[in-house]
file start35.tsv (TSV, C-alpha atoms)
chain	number	residue	atom	x	y	z
T	1	MET	CA	0.00	0.00	0.00
T	2	ASP	CA	1.49	3.35	-1.00
T	3	LEU	CA	1.83	6.37	1.29
T	4	HIS	CA	-1.06	8.30	-0.30
T	5	THR	CA	-3.46	5.37	0.14
T	6	ILE	CA	-2.41	4.81	3.76
T	7	ARG	CA	-2.95	8.47	4.59
T	8	GLN	CA	-6.39	8.35	3.01
T	9	GLU	CA	-7.22	5.28	5.11
T	10	LEU	CA	-6.07	7.07	8.28
T	11	ARG	CA	-8.71	9.73	7.76
T	12	THR	CA	-11.42	7.21	8.56
T	13	HIS	CA	-9.61	4.34	10.31
T	14	ALA	CA	-7.15	3.87	13.17
T	15	VAL	CA	-3.75	2.52	12.18
T	16	TYR	CA	-4.64	-0.73	13.95
T	17	ASP	CA	-7.50	-1.26	11.46
T	18	ILE	CA	-5.50	-0.82	8.25
T	19	PRO	CA	-4.11	-3.94	6.53
T	20	LEU	CA	-0.35	-3.46	6.90
T	21	ARG	CA	2.79	-5.57	7.09
T	22	VAL	CA	4.08	-4.66	10.53
T	23	THR	CA	7.43	-5.18	12.22
T	24	TYR	CA	9.04	-3.71	15.35
T	25	TYR	CA	12.37	-2.31	16.49
T	26	ALA	CA	13.68	-2.93	20.01
T	27	ARG	CA	16.94	-1.85	21.63
T	28	VAL	CA	18.55	-1.68	25.05
T	29	SER	CA	21.61	0.39	25.81
T	30	SER	CA	23.05	-1.84	28.53
T	31	GLU	CA	24.06	-5.48	28.81
T	32	SER	CA	22.81	-5.75	32.40
T	33	ASP	CA	20.34	-8.52	33.25
T	34	GLU	CA	17.69	-5.93	34.09
T	35	GLN	CA	17.99	-4.27	30.70
T	36	LEU	CA	18.03	-7.58	28.83
T	37	ASN	CA	14.88	-8.63	30.69
T	38	SER	CA	13.34	-5.35	29.57
T	39	LEU	CA	14.32	-6.21	25.99
T	40	GLY	CA	12.70	-9.63	26.31
T	41	ASN	CA	9.52	-8.00	27.55
T	42	GLN	CA	9.54	-5.57	24.62
T	43	ILE	CA	9.92	-8.41	22.13
T	44	THR	CA	7.13	-10.48	23.68
T	45	TYR	CA	4.80	-7.49	23.86
T	46	TYR	CA	5.26	-6.37	20.26
T	47	GLU	CA	5.12	-9.85	18.77
T	48	ASP	CA	1.85	-10.51	20.61
T	49	LEU	CA	0.45	-7.10	19.66
T	50	ILE	CA	1.17	-7.54	15.96
T	51	ARG	CA	0.12	-11.19	15.73
T	52	LYS	CA	-3.18	-10.62	17.53
T	53	ASN	CA	-4.20	-7.79	15.22
T	54	LYS	CA	-6.28	-9.36	12.45
T	55	ALA	CA	-5.63	-6.50	10.03
T	56	TRP	CA	-1.86	-6.80	10.30
T	57	THR	CA	0.67	-9.23	8.88
T	58	PHE	CA	3.53	-10.01	11.26
T	59	ILE	CA	7.07	-9.39	10.02
T	60	PRO	CA	9.94	-10.52	12.33
T	61	GLY	CA	11.39	-7.66	14.33
T	62	TYR	CA	14.79	-5.99	14.45
T	63	ILE	CA	16.73	-6.08	17.72
T	64	ASP	CA	19.95	-4.41	18.91
T	65	GLU	CA	21.41	-5.38	22.29
T	66	GLY	CA	23.72	-3.38	24.52
T	67	LEU	CA	24.18	-0.42	22.17
T	68	SER	CA	23.97	3.28	22.77
T	69	GLY	CA	21.16	5.21	21.14
T	70	ILE	CA	23.27	8.30	20.54
T	71	SER	CA	24.34	7.09	17.08
T	72	THR	CA	22.97	4.60	14.54
T	73	LYS	CA	26.35	3.74	12.97
T	74	LYS	CA	27.00	0.53	14.92
T	75	ARG	CA	23.39	-0.63	15.21
T	76	GLU	CA	23.43	-3.50	12.72
T	77	SER	CA	19.78	-4.50	13.06
T	78	PHE	CA	18.64	-0.90	12.76
T	79	ASN	CA	20.61	-0.41	9.55
T	80	ARG	CA	19.33	-3.71	8.16
T	81	MET	CA	15.80	-2.57	8.97
T	82	ILE	CA	16.33	0.64	6.97
T	83	ASP	CA	17.62	-1.41	4.01
T	84	ASP	CA	14.69	-3.84	4.24
T	85	ALA	CA	12.24	-0.95	4.29
T	86	GLY	CA	13.67	0.23	0.97
T	87	ALA	CA	13.25	-3.32	-0.34
T	88	ASP	CA	9.50	-3.19	0.43
T	89	LYS	CA	9.53	-5.87	3.15
T	90	PHE	CA	7.09	-4.11	5.51
T	91	ASP	CA	4.84	-1.06	5.84
T	92	LEU	CA	5.06	-0.05	9.49
T	93	VAL	CA	7.67	-0.18	12.27
T	94	ILE	CA	6.47	-0.07	15.86
T	95	THR	CA	8.95	1.02	18.50
T	96	LYS	CA	8.57	1.87	22.18
T	97	GLU	CA	9.57	5.52	22.04
T	98	ILE	CA	11.82	8.00	20.27
T	99	SER	CA	14.70	7.29	22.67
T	100	ARG	CA	14.66	3.62	21.57
T	101	PHE	CA	14.80	4.63	17.91
T	102	ALA	CA	17.27	7.53	18.06
T	103	ARG	CA	18.22	10.19	20.61
T	104	ASN	CA	19.59	12.43	17.92
T	105	THR	CA	16.99	14.78	16.47
T	106	LEU	CA	18.56	14.83	13.02
T	107	ASP	CA	18.73	11.01	12.95
T	108	SER	CA	15.08	10.70	13.95
T	109	ILE	CA	13.88	13.03	11.21
T	110	GLN	CA	16.38	11.81	8.62
T	111	PHE	CA	15.38	8.16	8.91
T	112	THR	CA	11.63	8.72	9.16
T	113	ARG	CA	11.87	10.96	6.08
T	114	GLN	CA	13.91	8.27	4.33
T	115	LEU	CA	11.27	5.62	5.08
T	116	LEU	CA	8.16	7.54	4.04
T	117	PRO	CA	8.81	7.62	0.25
T	118	SER	CA	9.03	3.81	0.44
T	119	GLY	CA	5.57	3.78	2.03
T	120	VAL	CA	6.96	2.87	5.47
T	121	GLY	CA	5.90	4.64	8.64
T	122	VAL	CA	7.17	4.52	12.21
T	123	PHE	CA	4.79	4.36	15.16
T	124	PHE	CA	6.41	5.59	18.38
T	125	GLN	CA	3.89	4.02	20.71
T	126	ASN	CA	4.65	5.70	24.04
T	127	ASP	CA	4.96	9.09	22.35
T	128	ASN	CA	1.81	8.45	20.26
T	129	ILE	CA	3.52	9.66	17.08
T	130	ASN	CA	2.74	7.94	13.79
T	131	THR	CA	4.84	9.28	10.93
T	132	PHE	CA	2.08	8.41	8.47
T	133	ASP	CA	0.27	11.42	9.97
T	134	GLU	CA	1.10	14.53	7.95
T	135	GLY	CA	1.60	16.66	11.07
T	136	SER	CA	3.91	14.17	12.79
T	137	GLU	CA	7.26	15.73	11.87
T	138	LEU	CA	6.82	18.81	14.06
T	139	ARG	CA	5.89	16.68	17.08
T	140	LEU	CA	8.75	14.29	16.30
T	141	SER	CA	11.21	17.18	16.14
T	142	ILE	CA	10.06	18.53	19.50
T	143	MET	CA	10.06	15.15	21.24
T	144	SER	CA	13.44	14.18	19.74
T	145	SER	CA	14.95	17.45	20.94
T	146	ILE	CA	13.68	16.74	24.45
T	147	ALA	CA	15.11	13.21	24.38
T	148	GLN	CA	18.44	14.50	23.10
T	149	ASP	CA	18.61	17.10	25.86
T	150	GLU	CA	17.83	14.45	28.46
T	151	LEU	CA	20.77	12.40	27.17
T	152	ARG	CA	23.05	15.43	27.47
T	153	LYS	CA	21.92	16.03	31.05
T	154	LEU	CA	22.37	12.36	31.94
T	155	SER	CA	25.88	12.35	30.48
T	156	SER	CA	26.74	15.44	32.51
T	157	ARG	CA	25.42	13.88	35.73
T	158	VAL	CA	27.29	10.62	35.14
T	159	LYS	CA	30.53	12.48	34.39
T	160	PHE	CA	30.17	14.55	37.57
T	161	GLY	CA	29.49	11.39	39.58
T	162	HIS	CA	32.63	9.71	38.27
T	163	GLN	CA	34.73	12.79	38.98
T	164	GLN	CA	33.53	12.86	42.58
T	165	ALA	CA	34.14	9.12	42.93
T	166	ILE	CA	37.70	9.50	41.64
T	167	LYS	CA	38.39	12.20	44.22
T	168	GLN	CA	37.27	9.78	46.93
T	169	SER	CA	39.14	6.80	45.39
T	170	VAL	CA	35.82	5.02	44.92
T	171	VAL	CA	35.13	2.76	41.92
T	172	LEU	CA	31.73	3.03	40.26
T	173	GLY	CA	30.12	0.56	37.92
T	174	ASN	CA	31.67	-2.69	36.73
T	175	ASP	CA	33.62	-4.62	39.34
T	176	ARG	CA	34.23	-7.60	37.03
T	177	ILE	CA	37.74	-6.56	36.08
T	178	PHE	CA	40.41	-9.21	35.57
T	179	GLY	CA	43.07	-9.01	38.23
T	180	TYR	CA	40.98	-7.03	40.70
T	181	ARG	CA	38.07	-7.39	43.07
T	182	LYS	CA	36.02	-4.68	44.71
T	183	GLU	CA	36.15	-4.24	48.48
T	184	ASN	CA	34.38	-1.35	50.19
T	185	LYS	CA	33.88	0.34	46.79
T	186	ARG	CA	37.62	0.20	46.04
T	187	LEU	CA	39.59	-2.08	43.74
T	188	VAL	CA	42.18	-4.35	45.30
T	189	VAL	CA	44.48	-6.79	43.51
T	190	ASP	CA	43.14	-10.33	43.19
T	191	GLU	CA	46.39	-12.28	43.30
T	192	VAL	CA	44.86	-15.41	41.72
T	193	GLN	CA	43.66	-13.54	38.63
T	194	ALA	CA	46.61	-11.14	38.68
T	195	ALA	CA	48.98	-13.99	37.81
T	196	MET	CA	47.10	-14.50	34.55
T	197	VAL	CA	47.05	-10.77	33.78
T	198	ARG	CA	50.80	-10.44	34.38
T	199	GLU	CA	51.50	-13.44	32.15
T	200	LEU	CA	49.30	-11.93	29.44
T	201	PHE	CA	51.33	-8.73	29.44
T	202	GLU	CA	54.61	-10.67	29.40
T	203	LEU	CA	53.54	-12.80	26.42
T	204	TYR	CA	52.30	-9.75	24.56
T	205	ALA	CA	55.50	-7.82	25.30
T	206	ILE	CA	57.82	-10.45	23.80
T	207	ASP	CA	55.72	-10.35	20.60
T	208	GLN	CA	56.08	-14.06	19.79
T	209	HIS	CA	52.38	-14.97	19.84
T	210	SER	CA	49.20	-13.54	18.36
T	211	MET	CA	46.31	-12.81	20.69
T	212	LYS	CA	44.46	-15.78	19.19
T	213	GLN	CA	47.41	-18.04	20.05
T	214	ILE	CA	47.54	-16.64	23.59
T	215	GLU	CA	43.83	-17.40	23.91
T	216	THR	CA	44.60	-21.07	23.21
T	217	ILE	CA	47.67	-21.08	25.50
T	218	PHE	CA	45.61	-19.74	28.38
T	219	TRP	CA	42.82	-22.23	27.75
T	220	ASP	CA	45.30	-25.10	27.87
T	221	LYS	CA	46.73	-23.71	31.12
T	222	GLY	CA	43.28	-23.77	32.69
T	223	TYR	CA	42.63	-20.03	32.75
T	224	ARG	CA	38.89	-19.25	32.51
T	225	ASN	CA	36.74	-16.15	32.43
T	226	LEU	CA	34.34	-15.24	35.23
T	227	LYS	CA	31.72	-17.59	33.77
T	228	GLY	CA	34.12	-20.51	33.49
T	229	ASN	CA	34.50	-20.23	29.72
T	230	LYS	CA	37.44	-19.49	27.44
T	231	ILE	CA	38.88	-15.98	27.78
T	232	ALA	CA	38.34	-14.52	24.32
T	233	HIS	CA	41.31	-12.98	22.54
T	234	SER	CA	39.23	-9.82	22.02
T	235	THR	CA	38.80	-9.52	25.79
T	236	MET	CA	42.54	-9.91	26.30
T	237	SER	CA	43.20	-7.29	23.62
T	238	ASN	CA	41.06	-4.82	25.54
T	239	MET	CA	42.97	-5.66	28.73
T	240	ASN	CA	46.34	-4.66	27.30
T	241	GLY	CA	45.08	-2.03	24.84
T	242	SER	CA	46.10	-3.93	21.70
T	243	TYR	CA	43.95	-4.58	18.63

call {"tool": "encode", "arguments": {"input": "start35.tsv", "output": "structure tokens"}}
result
Amino acid sequence: MDLHTIRQELRTHAVYDIPLRVTYYARVSSESDEQLNSLGNQITYYEDLIRKNKAWTFIPGYIDEGLSGISTKKRESFNRMIDDAGADKFDLVITKEISRFARNTLDSIQFTRQLLPSGVGVFFQNDNINTFDEGSELRLSIMSSIAQDELRKLSSRVKFGHQQAIKQSVVLGNDRIFGYRKENKRLVVDEVQAAMVRELFELYAIDQHSMKQIETIFWDKGYRNLKGNKIAHSTMSNMNGSY
């Protein structure tokens, strides 16, 4: 169904009553269990919503895990969704809110504008904005600007919090750092893990093994990550700053 026809239908019908091929986009910006549970709830909710609507045809959704909303460059599922929209694979994308889609005002408007000529709209459910509506862009611009400003304020608060913590020698956030454990909000050396970290730096310094080879060496020596699995060479690269 083309954009003109959909807009005509919206004059007399709710979007839920128009026969559309509908998908969804879901994203969380953290890899914490709480956030991943939230993602699971989003997926279940939208799949049920779309499947139960008799007028709609369900199209599998697009999901990005543990990625920031400030940019779309590294969001693989999001970019694939944009490509699929151009290939006429669906008519409508449902997403929770603007901040799940993009926290950058220009991105929000750019991508919704890009989708419309292909006959694809975006329904920001919590914000009650449907880009099929001709007056949606002004509301989208205002709401996106608010979301973007909230991100700026949050970043400022987090930065201030970290600065204060540093002054007090307190560690915030992740305490799952190889070679250390957290005691009374401070990092102390974990001598058991520290032996592995020191050996990693020594092997890297002599430059006789690739990180992939060191991964195998450590596995054979019985070194394991915090979940009891192999320590990935990419993890070790981040530990010593190599790539």

call {"tool": "atom_distance", "arguments": {"input": "start35.tsv", "atom1": "CA of Val192 in chain T", "atom2": "CA of Gly179 in chain T"}}
result
7.5 Å

call {"tool": "atom_distance", "arguments": {"input": "start35.tsv", "atom1": "CA of Ala87 in chain T", "atom2": "CA of Gly61 in chain T"}}
result
15.4 Å

call {"tool": "atom_distance", "arguments": {"input": "start35.tsv", "atom1": "CA of Ala194 in chain T", "atom2": "CA of Ser234 in chain T"}}
result
18.3 Å

call {"tool": "residues_around", "arguments": {"input": "start35.tsv", "residues": "Leu39 in chain T", "least_positions_apart": "5", "cutoff": "7 Å", "atoms": "all atoms listed in the file", "output": "list in words"}}
result
Ala26, Arg27 and Val28 of chain T

call {"tool": "write_last_selection", "arguments": {"input": "start35.tsv", "atoms": "C-alpha atoms", "output": "short mmCIF file (atom, residue, chain, number, x, y, z; two decimals), in the coordinates of the input"}}
result
data_model
loop_
_atom_site.label_atom_id
_atom_site.label_comp_id
_atom_site.auth_asym_id
_atom_site.auth_seq_id
_atom_site.Cartn_x
_atom_site.Cartn_y
_atom_site.Cartn_z
CA ALA T 26 13.68 -2.93 20.01
CA ARG T 27 16.94 -1.85 21.63
CA VAL T 28 18.55 -1.68 25.05
#

call {"tool": "residues_near_point", "arguments": {"input": "start35.tsv", "point": "(3.6, 8.1, 20.2)", "cutoff": "9 Å", "atoms": "all atoms listed in the file", "output": "ChimeraX atom specification"}}
result
/T:96-98,123-130,140

call {"tool": "residues_around", "arguments": {"input": "start35.tsv", "residues": "Gln8 in chain T", "least_positions_apart": "4", "cutoff": "12 Å", "atoms": "only C-alpha atoms", "output": "short mmCIF file (atom, residue, chain, number, x, y, z; two decimals) with C-alpha atoms, keeping the file's coordinate frame"}}
result
data_model
loop_
_atom_site.label_atom_id
_atom_site.label_comp_id
_atom_site.auth_asym_id
_atom_site.auth_seq_id
_atom_site.Cartn_x
_atom_site.Cartn_y
_atom_site.Cartn_z
CA MET T 1 0.00 0.00 0.00
CA ASP T 2 1.49 3.35 -1.00
CA LEU T 3 1.83 6.37 1.29
CA HIS T 4 -1.06 8.30 -0.30
CA THR T 12 -11.42 7.21 8.56
CA HIS T 13 -9.61 4.34 10.31
CA ALA T 14 -7.15 3.87 13.17
CA VAL T 15 -3.75 2.52 12.18
CA ILE T 18 -5.50 -0.82 8.25
CA PHE T 132 2.08 8.41 8.47
CA ASP T 133 0.27 11.42 9.97
CA GLU T 134 1.10 14.53 7.95
#

call {"tool": "residues_around", "arguments": {"input": "start35.tsv", "residues": "Gly119 in chain T", "least_positions_apart": "2", "cutoff": "10 Å", "atoms": "all atoms listed in the file", "output": "PDB file with C-alpha atoms, in the frame of the given file"}}
result
ATOM      1  CA  MET T   1       0.000   0.000   0.000  1.00  0.00           C
ATOM      2  CA  ASP T   2       1.490   3.350  -1.000  1.00  0.00           C
ATOM      3  CA  LEU T   3       1.830   6.370   1.290  1.00  0.00           C
ATOM      4  CA  HIS T   4      -1.060   8.300  -0.300  1.00  0.00           C
ATOM      5  CA  THR T   5      -3.460   5.370   0.140  1.00  0.00           C
ATOM      6  CA  ILE T   6      -2.410   4.810   3.760  1.00  0.00           C
ATOM      7  CA  ALA T  85      12.240  -0.950   4.290  1.00  0.00           C
ATOM      8  CA  GLY T  86      13.670   0.230   0.970  1.00  0.00           C
ATOM      9  CA  ASP T  88       9.500  -3.190   0.430  1.00  0.00           C
ATOM     10  CA  PHE T  90       7.090  -4.110   5.510  1.00  0.00           C
ATOM     11  CA  ASP T  91       4.840  -1.060   5.840  1.00  0.00           C
ATOM     12  CA  LEU T  92       5.060  -0.050   9.490  1.00  0.00           C
ATOM     13  CA  GLN T 114      13.910   8.270   4.330  1.00  0.00           C
ATOM     14  CA  LEU T 115      11.270   5.620   5.080  1.00  0.00           C
ATOM     15  CA  LEU T 116       8.160   7.540   4.040  1.00  0.00           C
ATOM     16  CA  PRO T 117       8.810   7.620   0.250  1.00  0.00           C
ATOM     17  CA  GLY T 121       5.900   4.640   8.640  1.00  0.00           C
ATOM     18  CA  PHE T 132       2.080   8.410   8.470  1.00  0.00           C
TER      19      PHE T 132
END

call {"tool": "closest_residue", "arguments": {"input": "start35.tsv", "among": "T:Arg198, T:Arg21, T:Lys159, T:Lys212", "to": "Ile231 in chain T", "atoms": "all atoms listed in the file"}}
result
T:Lys212

call {"tool": "closest_residue", "arguments": {"input": "start35.tsv", "among": "T:Arg100, T:His209, T:Lys89, T:Arg186", "to": "Ser118 in chain T", "atoms": "only C-alpha atoms"}}
result
T:Lys89

call {"tool": "closest_residue", "arguments": {"input": "start35.tsv", "among": "T:Phe111, T:Trp219, T:Trp56, T:Tyr46", "to": "Phe78 in chain T", "atoms": "only C-alpha atoms"}}
result
T:Phe111

call {"tool": "closest_residue", "arguments": {"input": "start35.tsv", "among": "T:Tyr45, T:Phe178, T:Ile82, T:Gln208", "to": "Thr112 in chain T", "atoms": "all atoms listed in the file"}}
result
T:Ile82

call {"tool": "closest_residue", "arguments": {"input": "start35.tsv", "among": "T:Lys54, T:Leu226, T:Ile177, T:Phe218", "to": "Met239 in chain T", "atoms": "all atoms listed in the file"}}
result
T:Ile177

call {"tool": "closest_residue", "arguments": {"input": "start35.tsv", "among": "T:Glu183, T:Ile59, T:Ala232, T:Val93", "to": "Gln213 in chain T", "atoms": "all atoms listed in the file"}}
result
T:Ala232
